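Source file: run-v7.csv; contents: CSV, C-alpha atoms.
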chain,number,residue,atom,x,y,z
Z,1,MET,CA,-20.8,-30.5,25.3
Z,2,HIS,CA,-19.9,-33.4,23.0
Z,3,ASP,CA,-22.6,-35.7,24.6
Z,4,LEU,CA,-25.2,-33.0,24.2
Z,5,ALA,CA,-24.2,-32.5,20.6
Z,6,THR,CA,-24.5,-36.2,19.9
Z,7,ARG,CA,-27.9,-36.4,21.5
Z,8,LEU,CA,-29.2,-33.4,19.5
Z,9,SER,CA,-27.9,-34.7,16.2
Z,10,ARG,CA,-29.8,-37.9,16.8
Z,11,LEU,CA,-33.2,-36.2,17.3
Z,12,SER,CA,-35.8,-36.4,14.6
Z,13,ALA,CA,-35.9,-33.5,12.1
Z,14,SER,CA,-38.3,-30.8,13.2
Z,15,CYS,CA,-38.3,-28.2,10.4
Z,16,GLY,CA,-38.2,-30.0,7.1
Z,17,PRO,CA,-34.8,-31.8,7.1
Z,18,VAL,CA,-33.5,-29.7,9.9
Z,19,ARG,CA,-33.2,-30.3,13.6
Z,20,LEU,CA,-33.9,-26.8,14.8
Z,21,ILE,CA,-32.6,-26.2,18.3
Z,22,GLY,CA,-33.7,-23.1,20.3
Z,23,VAL,CA,-31.4,-21.6,22.9
Z,24,ASP,CA,-33.4,-19.2,25.1
Z,25,GLY,CA,-33.0,-17.4,28.4
Z,26,HIS,CA,-32.8,-13.9,29.9
Z,27,ALA,CA,-30.5,-11.3,28.5
Z,28,GLY,CA,-27.0,-11.9,29.8
Z,29,SER,CA,-27.6,-15.6,30.5
Z,30,GLY,CA,-24.9,-16.8,28.2
Z,31,LYS,CA,-27.0,-17.9,25.2
Z,32,SER,CA,-24.6,-16.6,22.5
Z,33,THR,CA,-21.5,-18.1,24.2
Z,34,PHE,CA,-23.2,-21.4,24.8
Z,35,ALA,CA,-24.7,-21.6,21.2
Z,36,GLY,CA,-21.2,-20.9,19.8
Z,37,ARG,CA,-19.7,-23.7,21.8
Z,38,LEU,CA,-22.5,-26.1,20.9
Z,39,ALA,CA,-22.2,-25.1,17.2
Z,40,ALA,CA,-18.5,-26.0,17.4
Z,41,ALA,CA,-19.3,-29.4,19.0
Z,42,LEU,CA,-21.8,-29.9,16.2
Z,43,ASP,CA,-19.0,-29.5,13.6
Z,44,GLY,CA,-19.8,-25.9,12.7
Z,45,ALA,CA,-23.6,-26.0,12.8
Z,46,PRO,CA,-25.1,-22.6,11.7
Z,47,VAL,CA,-26.3,-20.3,14.4
Z,48,LEU,CA,-29.0,-17.7,13.9
Z,49,HIS,CA,-28.9,-14.9,16.4
Z,50,LEU,CA,-32.3,-13.4,17.1
Z,51,ASP,CA,-30.6,-10.0,17.7
Z,52,ASP,CA,-30.3,-10.1,13.9
Z,53,ILE,CA,-34.0,-10.5,13.5
Z,54,ALA,CA,-35.3,-8.1,16.2
Z,55,THR,CA,-35.2,-4.3,15.5
Z,56,HIS,CA,-35.6,-1.1,17.6
Z,57,GLU,CA,-39.2,-1.0,16.4
Z,58,GLU,CA,-39.9,-4.7,16.8
Z,59,LEU,CA,-38.0,-5.8,19.9
Z,60,PHE,CA,-40.5,-8.6,20.5
Z,61,THR,CA,-42.8,-8.7,17.4
Z,62,TRP,CA,-40.3,-10.2,15.0
Z,63,THR,CA,-42.0,-13.6,14.7
Z,64,ARG,CA,-43.6,-13.1,11.3
Z,65,ARG,CA,-40.2,-12.0,9.8
Z,66,LEU,CA,-38.5,-15.1,11.3
Z,67,LEU,CA,-41.2,-17.4,10.0
Z,68,HIS,CA,-41.1,-15.9,6.5
Z,69,GLN,CA,-37.4,-15.4,6.1
Z,70,VAL,CA,-36.1,-18.5,8.0
Z,71,ILE,CA,-38.6,-21.1,9.1
Z,72,GLU,CA,-40.6,-21.5,5.9
Z,73,PRO,CA,-37.5,-21.9,3.6
Z,74,LEU,CA,-35.8,-24.4,6.0
Z,75,SER,CA,-39.0,-26.4,6.3
Z,76,ARG,CA,-38.9,-26.9,2.5
Z,77,GLY,CA,-35.3,-27.9,2.7
Z,78,GLU,CA,-34.2,-24.6,1.1
Z,79,THR,CA,-31.5,-22.2,2.1
Z,80,ALA,CA,-33.1,-19.4,4.1
Z,81,HIS,CA,-32.0,-15.8,3.4
Z,82,TYR,CA,-32.6,-13.3,6.2
Z,83,LEU,CA,-31.9,-9.6,6.4
Z,84,PRO,CA,-29.8,-8.9,9.6
Z,85,TYR,CA,-30.6,-5.8,11.5
Z,86,ASP,CA,-27.8,-3.3,12.1
Z,87,TRP,CA,-28.5,-1.9,15.6
Z,88,ARG,CA,-26.1,1.1,15.1
Z,89,ALA,CA,-27.3,2.1,11.6
Z,90,ARG,CA,-30.9,1.2,12.5
Z,91,ALA,CA,-31.4,-0.5,9.1
Z,92,PHE,CA,-31.4,-3.9,7.6
Z,93,GLY,CA,-28.2,-5.1,6.0
Z,94,PRO,CA,-27.7,-7.4,3.0
Z,95,ALA,CA,-29.2,-10.9,3.0
Z,96,ARG,CA,-27.4,-13.7,4.8
Z,97,PRO,CA,-27.8,-17.3,3.8
Z,98,LEU,CA,-28.7,-19.9,6.4
Z,99,PRO,CA,-28.4,-23.4,4.9
Z,100,PRO,CA,-30.7,-26.3,5.9
Z,101,ALA,CA,-28.0,-28.1,7.8
Z,102,PRO,CA,-28.7,-31.2,9.8
Z,103,VAL,CA,-28.8,-29.0,13.0
Z,104,VAL,CA,-29.4,-25.3,13.1
Z,105,LEU,CA,-29.3,-23.3,16.3
Z,106,VAL,CA,-31.6,-20.3,16.9
Z,107,GLU,CA,-30.4,-18.4,19.9
Z,108,GLY,CA,-31.8,-15.3,21.6
Z,109,VAL,CA,-34.5,-14.1,23.9
Z,110,GLY,CA,-37.7,-15.6,22.6
Z,111,ALA,CA,-36.3,-18.6,20.8
Z,112,GLY,CA,-38.7,-20.8,22.7
Z,113,ARG,CA,-41.8,-18.7,22.2
Z,114,ARG,CA,-45.0,-20.8,21.7
Z,115,VAL,CA,-45.4,-20.0,18.0
Z,116,LEU,CA,-41.9,-21.4,17.2
Z,117,ARG,CA,-42.1,-24.6,19.3
Z,118,PRO,CA,-43.7,-26.7,16.7
Z,119,TYR,CA,-40.6,-26.2,14.6
Z,120,LEU,CA,-38.1,-27.0,17.4
Z,121,ALA,CA,-36.5,-30.4,17.9
Z,122,ARG,CA,-35.4,-29.2,21.3
Z,123,LEU,CA,-35.4,-26.1,23.4
Z,124,LEU,CA,-32.6,-25.3,25.8
Z,125,TRP,CA,-33.0,-22.7,28.5
Z,126,MET,CA,-30.1,-20.8,30.0
Z,127,GLU,CA,-30.5,-19.9,33.6
Z,128,VAL,CA,-28.1,-17.7,35.7
Z,129,PRO,CA,-28.8,-15.6,38.8
Z,130,ALA,CA,-30.5,-12.3,37.9
Z,131,GLU,CA,-27.6,-10.2,39.3
Z,132,GLU,CA,-25.1,-12.1,37.2
Z,133,ALA,CA,-27.2,-11.6,34.0
Z,134,TRP,CA,-27.5,-7.9,34.7
Z,135,ALA,CA,-23.8,-7.6,35.3
Z,136,ARG,CA,-23.0,-9.4,32.0
Z,137,GLY,CA,-25.5,-7.3,30.1
Z,138,ARG,CA,-24.1,-4.0,31.4
Z,139,SER,CA,-20.5,-5.2,30.6
Z,140,ARG,CA,-21.5,-6.3,27.1
Z,141,ASP,CA,-23.9,-3.5,26.1
Z,142,GLY,CA,-22.9,-0.6,28.4
Z,143,GLU,CA,-24.9,1.1,31.1
Z,144,GLU,CA,-27.1,3.0,28.7
Z,145,GLN,CA,-28.7,-0.3,27.5

Take the structure in the file and write it out as C-alpha coordinates.
Amino acid sequence: MHDLATRLSRLSASCGPVRLIGVDGHAGSGKSTFAGRLAAALDGAPVLHLDDIATHEELFTWTRRLLHQVIEPLSRGETAHYLPYDWRARAFGPARPLPPAPVVLVEGVGAGRRVLRPYLARLLWMEVPAEEAWARGRSRDGEEQ
(Lines of atoms letter the chains of each structure in order from A and count residues from 1; the text may use other names and numbers.)
(Lines give C-alpha, C1' and ligand atoms only; values in the text may rest on other atoms or scores of the structure.)
Protein backbone atom coordinates (compact mmCIF):
# COMPACT_ATOMS: atom_id res chain seq x y z
CA MET A 1 0.00 0.00 0.00
CA HIS A 2 2.89 2.33 0.82
CA ASP A 3 4.39 1.85 -2.66
CA LEU A 4 1.07 2.62 -4.32
CA ALA A 5 0.62 5.72 -2.18
CA THR A 6 4.10 6.91 -3.15
CA ARG A 7 3.42 6.37 -6.86
CA LEU A 8 0.07 8.18 -6.68
CA SER A 9 1.52 11.14 -4.80
CA ARG A 10 4.11 11.55 -7.58
CA LEU A 11 1.53 11.79 -10.38
CA SER A 12 0.84 15.10 -12.06
CA ALA A 13 -2.10 17.07 -10.70
CA SER A 14 -5.28 16.32 -12.64
CA CYS A 15 -7.94 18.59 -11.15
CA GLY A 16 -6.41 21.98 -10.46
CA PRO A 17 -3.72 21.33 -7.83
CA VAL A 18 -5.27 17.96 -6.87
CA ARG A 19 -4.35 14.44 -7.91
CA LEU A 20 -7.87 13.02 -8.05
CA ILE A 21 -7.83 9.23 -7.72
CA GLY A 22 -10.93 7.21 -8.58
CA VAL A 23 -11.62 3.89 -6.84
CA ASP A 24 -14.33 2.06 -8.78
CA GLY A 25 -15.75 -1.45 -8.90
CA HIS A 26 -18.92 -3.39 -8.37
CA ALA A 27 -20.93 -3.11 -5.15
CA GLY A 28 -19.28 -5.20 -2.46
CA SER A 29 -15.88 -5.23 -4.15
CA GLY A 30 -14.07 -3.56 -1.25
CA LYS A 31 -13.83 0.00 -2.58
CA SER A 32 -14.54 1.76 0.71
CA THR A 33 -12.21 -0.42 2.74
CA PHE A 34 -9.43 -0.08 0.17
CA ALA A 35 -9.91 3.69 -0.11
CA GLY A 36 -9.72 4.04 3.67
CA ARG A 37 -6.46 2.11 3.80
CA LEU A 38 -5.03 4.03 0.87
CA ALA A 39 -6.05 7.34 2.45
CA ALA A 40 -4.18 6.36 5.61
CA ALA A 41 -1.09 5.46 3.57
CA LEU A 42 -1.41 8.91 1.96
CA ASP A 43 -1.19 10.57 5.40
CA GLY A 44 -4.92 11.09 5.76
CA ALA A 45 -5.92 12.02 2.22
CA PRO A 46 -9.59 13.03 2.01
CA VAL A 47 -12.04 10.43 0.69
CA LEU A 48 -15.29 11.35 -1.03
CA HIS A 49 -17.78 8.47 -0.98
CA LEU A 50 -20.09 8.54 -3.98
CA ASP A 51 -22.82 7.08 -1.75
CA ASP A 52 -22.92 10.62 -0.32
CA ILE A 53 -23.57 12.04 -3.80
CA ALA A 54 -26.08 9.50 -5.16
CA THR A 55 -29.71 9.55 -3.99
CA HIS A 56 -32.75 7.30 -4.16
CA GLU A 57 -33.93 9.35 -7.13
CA GLU A 58 -30.49 9.64 -8.74
CA LEU A 59 -28.74 6.33 -8.22
CA PHE A 60 -26.70 6.86 -11.39
CA THR A 61 -27.49 10.40 -12.59
CA TRP A 62 -25.51 12.30 -9.96
CA THR A 63 -22.68 13.41 -12.26
CA ARG A 64 -23.86 17.02 -12.61
CA ARG A 65 -24.04 17.45 -8.81
CA LEU A 66 -20.55 15.98 -8.38
CA LEU A 67 -19.12 18.25 -11.06
CA HIS A 68 -20.78 21.36 -9.61
CA GLN A 69 -20.22 20.70 -5.89
CA VAL A 70 -16.82 18.98 -5.99
CA ILE A 71 -14.89 18.91 -9.26
CA GLU A 72 -15.34 22.57 -10.25
CA PRO A 73 -14.18 24.03 -6.89
CA LEU A 74 -11.25 21.60 -6.62
CA SER A 75 -10.17 22.44 -10.17
CA ARG A 76 -9.92 26.09 -9.06
CA GLY A 77 -7.89 25.11 -5.98
CA GLU A 78 -10.84 25.90 -3.69
CA THR A 79 -12.37 23.84 -0.93
CA ALA A 80 -15.41 22.00 -2.26
CA HIS A 81 -18.62 21.88 -0.22
CA TYR A 82 -20.96 19.02 -1.03
CA LEU A 83 -24.31 18.07 0.46
CA PRO A 84 -24.17 14.44 1.64
CA TYR A 85 -27.30 12.40 1.12
CA ASP A 86 -28.82 10.66 4.15
CA TRP A 87 -30.19 7.37 2.83
CA ARG A 88 -32.43 6.77 5.85
CA ALA A 89 -33.91 10.28 6.05
CA ARG A 90 -34.04 10.52 2.23
CA ALA A 91 -32.73 14.08 2.41
CA PHE A 92 -29.51 16.01 2.00
CA GLY A 93 -27.59 16.89 5.14
CA PRO A 94 -25.49 19.94 5.93
CA ALA A 95 -22.58 20.77 3.64
CA ARG A 96 -19.26 19.02 4.20
CA PRO A 97 -15.97 20.56 3.17
CA LEU A 98 -13.53 18.73 0.91
CA PRO A 99 -10.18 20.53 0.75
CA PRO A 100 -7.99 20.63 -2.36
CA ALA A 101 -5.42 18.28 -0.80
CA PRO A 102 -2.50 17.00 -2.87
CA VAL A 103 -4.38 13.69 -3.30
CA VAL A 104 -8.16 13.26 -3.01
CA LEU A 105 -9.82 9.86 -3.36
CA VAL A 106 -13.26 9.46 -4.93
CA GLU A 107 -14.63 6.01 -4.23
CA GLY A 108 -17.82 4.36 -5.34
CA VAL A 109 -19.61 2.72 -8.20
CA GLY A 110 -19.15 5.04 -11.16
CA ALA A 111 -15.99 6.81 -9.98
CA GLY A 112 -14.42 5.95 -13.32
CA ARG A 113 -17.28 6.97 -15.58
CA ARG A 114 -16.22 8.60 -18.82
CA VAL A 115 -17.26 12.16 -17.95
CA LEU A 116 -15.03 12.10 -14.83
CA ARG A 117 -11.94 10.59 -16.42
CA PRO A 118 -10.44 13.89 -17.64
CA TYR A 119 -10.21 14.96 -13.97
CA LEU A 120 -8.64 11.73 -12.69
CA ALA A 121 -4.90 11.28 -12.26
CA ARG A 122 -5.49 7.53 -11.93
CA LEU A 123 -8.40 5.11 -11.84
CA LEU A 124 -8.18 2.01 -9.67
CA TRP A 125 -10.61 -0.87 -10.27
CA MET A 126 -11.58 -3.29 -7.50
CA GLU A 127 -12.36 -6.79 -8.72
CA VAL A 128 -13.62 -9.73 -6.67
CA PRO A 129 -15.67 -12.75 -7.72
CA ALA A 130 -19.37 -11.91 -8.12
CA GLU A 131 -20.43 -14.36 -5.41
CA GLU A 132 -18.10 -12.71 -2.90
CA ALA A 133 -19.31 -9.21 -3.82
CA TRP A 134 -22.96 -10.29 -3.41
CA ALA A 135 -22.21 -11.87 -0.01
CA ARG A 136 -20.41 -8.73 1.17
CA GLY A 137 -23.25 -6.50 -0.04
CA ARG A 138 -25.91 -8.60 1.71
CA SER A 139 -23.86 -8.66 4.90
CA ARG A 140 -23.34 -4.90 4.81
CA ASP A 141 -26.74 -3.68 3.57
CA GLY A 142 -29.12 -6.49 4.49
CA GLU A 143 -31.12 -8.83 2.31
CA GLU A 144 -33.68 -6.14 1.38
CA GLN A 145 -31.06 -4.14 -0.51

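Take the candidates Z:Ala35, Z:Ala121, Z:Ala111, Z:Ile71 and check each one against Z:Arg7 using only C-alpha atoms; the shortest distance goes to Z:Ala121.
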
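Near Z:Val103, within 10 Å and counting all atoms listed in the file, sit Ala5, Leu8, Ser9, Arg10, Leu11, Ala13, Ser14, Cys15, Pro17, Val18, Arg19, Leu20, Ile21, Ala39, Leu42, Asp43, Gly44, Ala45, Pro46, Val47 and Ala121 of chain Z; same-chain residues fewer than 5 positions away were not included.
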
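When all atoms listed in the file are used to compute distances to Z:Gln69, the closest of the residues Z:His49, Z:His81, Z:Arg117, Z:Lys31 turns out to be Z:His81.
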
Neighbours of point (-33.8, -25.4, 27.7) within 9 Å, using only C-alpha atoms, written as a ChimeraX atom specification:
/Z:22-25,112,122-127

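As for atom CA of Z:Tyr82 and atom CA of Z:Gly30, they are spaced 23.6 Å apart.
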
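If all atoms listed in the file are the atoms counted, then among Z:Asp3, Z:Arg114, Z:Pro129, Z:Val70 the closest residue to Z:Pro84 is Z:Val70.
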
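Between atom CA of Z:Glu58 and atom CA of Z:Leu105 the interatomic distance comes to 21.4 Å.
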
So how far away is atom CA of Z:Ala101 from atom CA of Z:Thr79, in Å?
8.9 Å

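Taking all atoms listed in the file into account, Z:Asp52 lies nearest to Z:Val109 out of the set Z:Val104, Z:Ser29, Z:Phe34, Z:Val109.
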
Give the answer as one residue: which of Z:Glu131, Z:Gly16, Z:Gly108, Z:Pro102 has the shortest atom-to-atom distance to Z:Arg76, using all atoms listed in the file?
Z:Gly16

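Using all atoms listed in the file for every distance, the candidate list Z:Ile53, Z:Ala27, Z:Leu67, Z:Ala41 yields Z:Leu67 as the residue closest to Z:Leu116.
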